[in-house]
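Listing of start.pdb, PDB, C-alpha atoms
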ATOM      1  CA  MET A   1      44.863 -17.015 -15.098
ATOM      2  CA  ASN A   2      45.263 -20.728 -15.638
ATOM      3  CA  ASP A   3      47.383 -21.111 -12.542
ATOM      4  CA  PRO A   4      45.454 -23.353 -10.115
ATOM      5  CA  MET A   5      47.051 -21.738  -7.059
ATOM      6  CA  ASN A   6      45.720 -18.307  -8.079
ATOM      7  CA  ILE A   7      42.249 -19.708  -8.589
ATOM      8  CA  MET A   8      42.258 -21.280  -5.121
ATOM      9  CA  GLN A   9      43.437 -18.032  -3.611
ATOM     10  CA  MET A  10      40.674 -16.133  -5.379
ATOM     11  CA  ILE A  11      38.044 -18.579  -4.173
ATOM     12  CA  SER A  12      39.256 -18.422  -0.596
ATOM     13  CA  GLN A  13      39.409 -14.633  -0.726
ATOM     14  CA  ILE A  14      35.849 -14.411  -2.065
ATOM     15  CA  LYS A  15      34.618 -16.797   0.603
ATOM     16  CA  SER A  16      36.251 -14.898   3.446
ATOM     17  CA  ASN A  17      35.533 -11.323   2.387
ATOM     18  CA  PRO A  18      33.307 -11.018  -0.685
ATOM     19  CA  ALA A  19      32.675  -7.314  -0.232
ATOM     20  CA  ALA A  20      36.383  -6.526  -0.416
ATOM     21  CA  VAL A  21      36.755  -8.435  -3.673
ATOM     22  CA  LEU A  22      33.853  -6.531  -5.217
ATOM     23  CA  GLY A  23      35.285  -3.271  -3.912
ATOM     24  CA  GLN A  24      38.619  -4.012  -5.529
ATOM     25  CA  ARG A  25      36.913  -4.955  -8.768
ATOM     26  CA  PHE A  26      35.180  -1.560  -8.958
ATOM     27  CA  ASN A  27      37.988   0.494  -7.366
ATOM     28  CA  ILE A  28      35.938   1.475  -4.333
ATOM     29  CA  PRO A  29      37.897   2.975  -1.417
ATOM     30  CA  GLN A  30      38.183   0.681   1.562
ATOM     31  CA  ASN A  31      36.597   3.007   4.102
ATOM     32  CA  MET A  32      33.506   3.584   1.972
ATOM     33  CA  ASN A  33      30.596   1.514   3.277
ATOM     34  CA  ASN A  34      27.553   3.756   2.773
ATOM     35  CA  PRO A  35      25.547   2.543  -0.262
ATOM     36  CA  ASN A  36      24.776   6.055  -1.464
ATOM     37  CA  ASP A  37      28.449   7.005  -1.198
ATOM     38  CA  ILE A  38      29.439   3.918  -3.174
ATOM     39  CA  ILE A  39      26.900   4.719  -5.877
ATOM     40  CA  GLN A  40      28.091   8.314  -6.021
ATOM     41  CA  HIS A  41      31.676   7.104  -6.357
ATOM     42  CA  LEU A  42      30.730   4.738  -9.193
ATOM     43  CA  MET A  43      28.956   7.614 -10.923
ATOM     44  CA  ASN A  44      31.895   9.951 -10.495
ATOM     45  CA  THR A  45      34.280   7.415 -11.996
ATOM     46  CA  GLY A  46      31.901   6.850 -14.902
ATOM     47  CA  GLN A  47      31.240   3.185 -14.221
ATOM     48  CA  ILE A  48      27.480   3.643 -14.076
ATOM     49  CA  SER A  49      25.219   6.257 -15.618
ATOM     50  CA  GLN A  50      22.387   8.243 -14.084
ATOM     51  CA  GLN A  51      19.800   6.440 -16.226
ATOM     52  CA  GLN A  52      21.102   3.072 -15.100
ATOM     53  CA  TYR A  53      20.842   4.058 -11.469
ATOM     54  CA  ASN A  54      17.346   5.548 -11.921
ATOM     55  CA  ALA A  55      16.090   2.395 -13.601
ATOM     56  CA  ALA A  56      17.666   0.124 -10.997
ATOM     57  CA  ASN A  57      16.320   2.217  -8.127
ATOM     58  CA  GLN A  58      12.817   2.167  -9.568
ATOM     59  CA  ALA A  59      12.992  -1.579 -10.138
ATOM     60  CA  ALA A  60      14.106  -2.111  -6.546
ATOM     61  CA  ARG A  61      11.296   0.091  -5.221
ATOM     62  CA  GLN A  62       8.699  -1.791  -7.266
ATOM     63  CA  TYR A  63      10.092  -5.102  -6.109
ATOM     64  CA  PHE A  64      10.000  -4.189  -2.447
ATOM     65  CA  ASN A  65       6.625  -2.467  -2.706
ATOM     66  CA  ASN A  66       5.007  -5.461  -4.361
ATOM     67  CA  LYS A  67       6.541  -7.962  -1.968
TER
ATOM     68  CA  MET B  68      40.811 -15.634 -37.039
ATOM     69  CA  ASN B  69      44.320 -17.005 -37.295
ATOM     70  CA  TYR B  70      46.549 -18.458 -34.661
ATOM     71  CA  ASN B  71      49.994 -16.871 -34.372
ATOM     72  CA  GLY B  72      53.117 -18.617 -33.157
ATOM     73  CA  TYR B  73      52.456 -17.774 -29.491
ATOM     74  CA  GLY B  74      49.370 -19.911 -29.216
ATOM     75  CA  ASN B  75      46.944 -16.958 -29.132
ATOM     76  CA  GLN B  76      44.291 -15.962 -31.603
ATOM     77  CA  ALA B  77      45.262 -12.984 -33.693
ATOM     78  CA  TYR B  78      43.014 -11.074 -36.041
ATOM     79  CA  THR B  79      44.672 -10.474 -39.393
ATOM     80  CA  TYR B  80      43.158  -8.571 -42.257
ATOM     81  CA  ASN B  81      43.366 -10.396 -45.564
ATOM     82  CA  PRO B  82      42.872  -7.890 -48.426
ATOM     83  CA  TYR B  83      42.181 -10.690 -50.889
ATOM     84  CA  MET B  84      39.332 -11.999 -48.777
ATOM     85  CA  PRO B  85      37.578  -9.156 -47.036
ATOM     86  CA  GLN B  86      34.608  -9.854 -44.783
ATOM     87  CA  SER B  87      32.057 -11.872 -46.684
ATOM     88  CA  PRO B  88      28.499 -10.533 -47.061
ATOM     89  CA  MET B  89      27.322 -13.366 -44.822
ATOM     90  CA  THR B  90      29.337 -12.175 -41.872
ATOM     91  CA  GLN B  91      28.375  -8.569 -42.533
ATOM     92  CA  ASN B  92      24.693  -9.502 -42.362
ATOM     93  CA  ALA B  93      25.274 -11.497 -39.229
ATOM     94  CA  GLN B  94      27.094  -8.574 -37.657
ATOM     95  CA  ALA B  95      24.316  -6.165 -38.625
ATOM     96  CA  MET B  96      21.746  -8.515 -37.096
ATOM     97  CA  MET B  97      23.810  -8.766 -33.945
ATOM     98  CA  MET B  98      24.041  -4.984 -33.694
ATOM     99  CA  ASN B  99      20.286  -4.703 -34.158
ATOM    100  CA  ASN B 100      19.714  -7.276 -31.452
ATOM    101  CA  GLN B 101      22.025  -5.419 -29.103
ATOM    102  CA  GLN B 102      20.230  -2.168 -29.746
ATOM    103  CA  ASN B 103      16.864  -3.815 -29.207
ATOM    104  CA  GLN B 104      18.070  -5.228 -25.938
ATOM    105  CA  GLN B 105      19.221  -1.828 -24.771
ATOM    106  CA  ASN B 106      16.069  -0.002 -25.836
ATOM    107  CA  PRO B 107      13.363  -1.758 -23.766
ATOM    108  CA  GLN B 108      14.251  -0.077 -20.513
ATOM    109  CA  ILE B 109      12.020   0.270 -17.526
ATOM    110  CA  GLN B 110       9.272   2.741 -18.375
ATOM    111  CA  ASN B 111       9.426   5.649 -15.981
ATOM    112  CA  SER B 112       7.406   8.758 -16.185
ATOM    113  CA  GLY B 113      10.453  11.009 -16.279
ATOM    114  CA  TYR B 114      10.654  11.725 -12.572
ATOM    115  CA  VAL B 115      11.564   9.822  -9.447
ATOM    116  CA  GLU B 116       9.042   9.519  -6.652
ATOM    117  CA  VAL B 117      10.407  10.232  -3.214
ATOM    118  CA  ASN B 118       8.999  10.576   0.276
ATOM    119  CA  GLY B 119      10.416  13.584   2.020
ATOM    120  CA  TYR B 120      13.211  16.072   1.523
ATOM    121  CA  GLN B 121      15.794  13.769   3.117
ATOM    122  CA  GLU B 122      15.467  11.296   0.259
ATOM    123  CA  VAL B 123      16.040  14.147  -2.178
ATOM    124  CA  ILE B 124      19.251  15.044  -0.372
ATOM    125  CA  ASN B 125      20.409  11.421  -0.366
ATOM    126  CA  TYR B 126      19.637  10.745  -4.033
ATOM    127  CA  PRO B 127      22.894  10.340  -5.994
ATOM    128  CA  VAL B 128      23.283  12.525  -9.058
ATOM    129  CA  ALA B 129      26.044  12.088 -11.610
ATOM    130  CA  CYS B 130      28.081  15.001 -12.937
ATOM    131  CA  ALA B 131      26.477  17.171 -15.623
ATOM    132  CA  THR B 132      23.070  15.588 -15.131
ATOM    133  CA  SER B 133      19.820  16.689 -13.591
ATOM    134  CA  VAL B 134      17.184  14.502 -11.975
ATOM    135  CA  ASN B 135      13.521  15.346 -11.458
ATOM    136  CA  LEU B 136      12.013  14.172  -8.202
ATOM    137  CA  ILE B 137       8.441  14.498  -6.995
ATOM    138  CA  ASP B 138       6.981  14.160  -3.530
ATOM    139  CA  LEU B 139       3.312  13.355  -3.967
ATOM    140  CA  GLN B 140       2.644  13.416  -0.221
ATOM    141  CA  ALA B 141       3.799  16.995   0.199
ATOM    142  CA  MET B 142       2.933  18.025  -3.412
ATOM    143  CA  LYS B 143       6.438  19.261  -4.174
ATOM    144  CA  PHE B 144       8.592  18.921  -7.256
ATOM    145  CA  TYR B 145      12.376  18.979  -7.027
ATOM    146  CA  VAL B 146      15.065  19.432  -9.675
ATOM    147  CA  LYS B 147      18.487  18.261  -8.528
ATOM    148  CA  LYS B 148      21.389  19.151 -10.782
ATOM    149  CA  ARG B 149      25.117  18.892 -10.645
ATOM    150  CA  GLY B 150      27.940  20.636 -12.494
ATOM    151  CA  PHE B 151      30.605  19.135 -14.673
ATOM    152  CA  SER B 152      33.219  18.636 -11.984
ATOM    153  CA  SER B 153      33.079  15.959  -9.320
ATOM    154  CA  PHE B 154      33.806  18.678  -6.741
ATOM    155  CA  ASP B 155      30.555  20.480  -7.600
ATOM    156  CA  GLN B 156      27.919  20.020  -4.960
ATOM    157  CA  PRO B 157      24.390  19.254  -6.210
ATOM    158  CA  VAL B 158      21.892  22.099  -6.371
ATOM    159  CA  ILE B 159      18.293  21.406  -5.422
ATOM    160  CA  GLU B 160      15.431  23.554  -6.682
ATOM    161  CA  SER B 161      12.051  22.917  -5.124
ATOM    162  CA  TYR B 162       8.704  23.851  -6.570
ATOM    163  CA  SER B 163       5.388  23.452  -4.847
ATOM    164  CA  LEU B 164       2.432  22.047  -6.742
ATOM    165  CA  VAL B 165      -0.734  24.090  -6.269
ATOM    166  CA  LYS B 166      -4.131  22.712  -7.112
ATOM    167  CA  ASP B 167      -5.948  24.737  -9.735
ATOM    168  CA  GLU B 168      -9.292  25.776  -8.271
ATOM    169  CA  SER B 169     -10.308  28.150 -11.074
ATOM    170  CA  LYS B 170     -13.647  27.519 -12.708
ATOM    171  CA  GLU B 171     -12.392  27.983 -16.283
ATOM    172  CA  ASN B 172     -10.446  24.752 -16.228
ATOM    173  CA  SER B 173     -13.199  22.758 -14.554
ATOM    174  CA  VAL B 174     -15.798  20.740 -16.423
ATOM    175  CA  SER B 175     -19.430  21.238 -15.437
ATOM    176  CA  TYR B 176     -21.574  18.148 -15.257
ATOM    177  CA  ALA B 177     -25.369  17.953 -15.204
ATOM    178  CA  THR B 178     -26.838  17.677 -11.724
ATOM    179  CA  PRO B 179     -29.564  15.185 -10.770
ATOM    180  CA  GLU B 180     -31.974  18.115 -10.343
ATOM    181  CA  ASP B 181     -31.531  19.102 -13.994
ATOM    182  CA  ILE B 182     -32.156  15.545 -15.107
ATOM    183  CA  LYS B 183     -35.229  15.293 -12.863
ATOM    184  CA  SER B 184     -36.875  18.242 -14.566
ATOM    185  CA  LEU B 185     -36.169  16.705 -17.977
ATOM    186  CA  LYS B 186     -37.604  13.390 -16.825
ATOM    187  CA  ASP B 187     -40.791  15.072 -15.596
ATOM    188  CA  GLU B 188     -41.157  16.860 -18.927
ATOM    189  CA  ILE B 189     -40.724  13.624 -20.851
ATOM    190  CA  ALA B 190     -43.286  11.874 -18.645
ATOM    191  CA  SER B 191     -45.873  14.620 -19.226
ATOM    192  CA  ILE B 192     -45.273  14.511 -22.999
ATOM    193  CA  LYS B 193     -45.747  10.740 -22.960
ATOM    194  CA  ALA B 194     -48.989  11.111 -21.025
ATOM    195  CA  ASP B 195     -50.283  13.606 -23.606
ATOM    196  CA  VAL B 196     -49.348  11.273 -26.458
ATOM    197  CA  ASP B 197     -51.121   8.372 -24.797
ATOM    198  CA  LYS B 198     -54.195  10.464 -24.155
ATOM    199  CA  LEU B 199     -54.355  11.585 -27.780
ATOM    200  CA  SER B 200     -53.795   8.116 -29.197
ATOM    201  CA  GLY B 201     -56.109   6.441 -26.672
ATOM    202  CA  ARG B 202     -53.610   3.730 -25.900
ATOM    203  CA  GLY B 203     -53.395   3.821 -22.140
ATOM    204  CA  THR B 204     -50.427   4.530 -19.944
ATOM    205  CA  THR B 205     -47.007   3.654 -21.341
ATOM    206  CA  ASP B 206     -44.279   2.280 -19.113
ATOM    207  CA  GLU B 207     -41.009   4.151 -18.932
TER
END

Target encoding structure tokens, full file:
Amino acid sequence: MNDPMNIMQMISQIKSNPAAVLGQRFNIPQNMNNPNDIIQHLMNTGQISQQQYNAANQAARQYFNNK
Amino acid sequence: MNYNGYGNQAYTYNPYMPQSPMTQNAQAMMMNNQQNQQNPQIQNSGYVEVNGYQEVINYPVACATSVNLIDLQAMKFYVKKRGFSSFDQPVIESYSLVKDESKENSVSYATPEDIKSLKDEIASIKADVDKLSGRGTTDE
């Protein structure tokens, strides 16, 4: 973790393809690009709960409706 | 917290010096703060508002949970539930909301015609009182 070469590689990887890094972090399959599919996958693997998604969805709706 | 020979922090339990009351209080306060931070969630009325049946189909539902959705445009209420296994497909039950037109639940209010008759009666009583007391006409 303290290796400077690894840090540079991580930074360059995030700059070139940030979505892939996030997908690896949450174990999302590479061919999955639909948001609802990704959310369903995160729910199935237990990384997020239904209440968390409901609250986040409502917050997003309120934000975009008030904009 | 002690440092072992490998340069890392290692937690060792010292029976002669268990956790002091100070740290126990601090830990209890931290736990309370964490619980308070988790409790103030976004207030929702218990159901999710959607527009159309397609949004109901697209709404993700976790295993062994059920979500209530309402479509206020079409006056429909949906319950979407899913079984315990990730292979279970979600089941959607739809209920239609019907407006209650029965008179027994409605509240009857006084109409302007009823109030007009009361006003006329009050005006005539006032006129009689003025006539008897000899005061002249009173203003309403």

query: Which of these residues is nearest to chain A, using only C-alpha atoms: B:Pro179, B:Pro127, B:Gly150, B:Gly201?
result: B:Pro127

- prompt: CA of Ile38 in chain A and CA of Gly23 in chain A are how many Å apart?
  reply: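 CA of Ile38 in chain A sits 9.3 Å away from CA of Gly23 in chain A.
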
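What the ChimeraX specification (/B :<8) & /A grabs from this file is Asn36, Ile39, Gln40, Met43, Asn44, Ser49, Gln50, Asn54, Ala55, Gln58 and Ala59 of chain A.
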
message: Report, in Å with one decimal, the straight-line distance from CA of Ile137 in chain B to CA of Val117 in chain B.
response: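 Those two atoms sit 6.0 Å apart.
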
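Atom pair CA of Leu42 in chain A / CA of Ala56 in chain A has a distance of 14.0 Å (rounded to one decimal).
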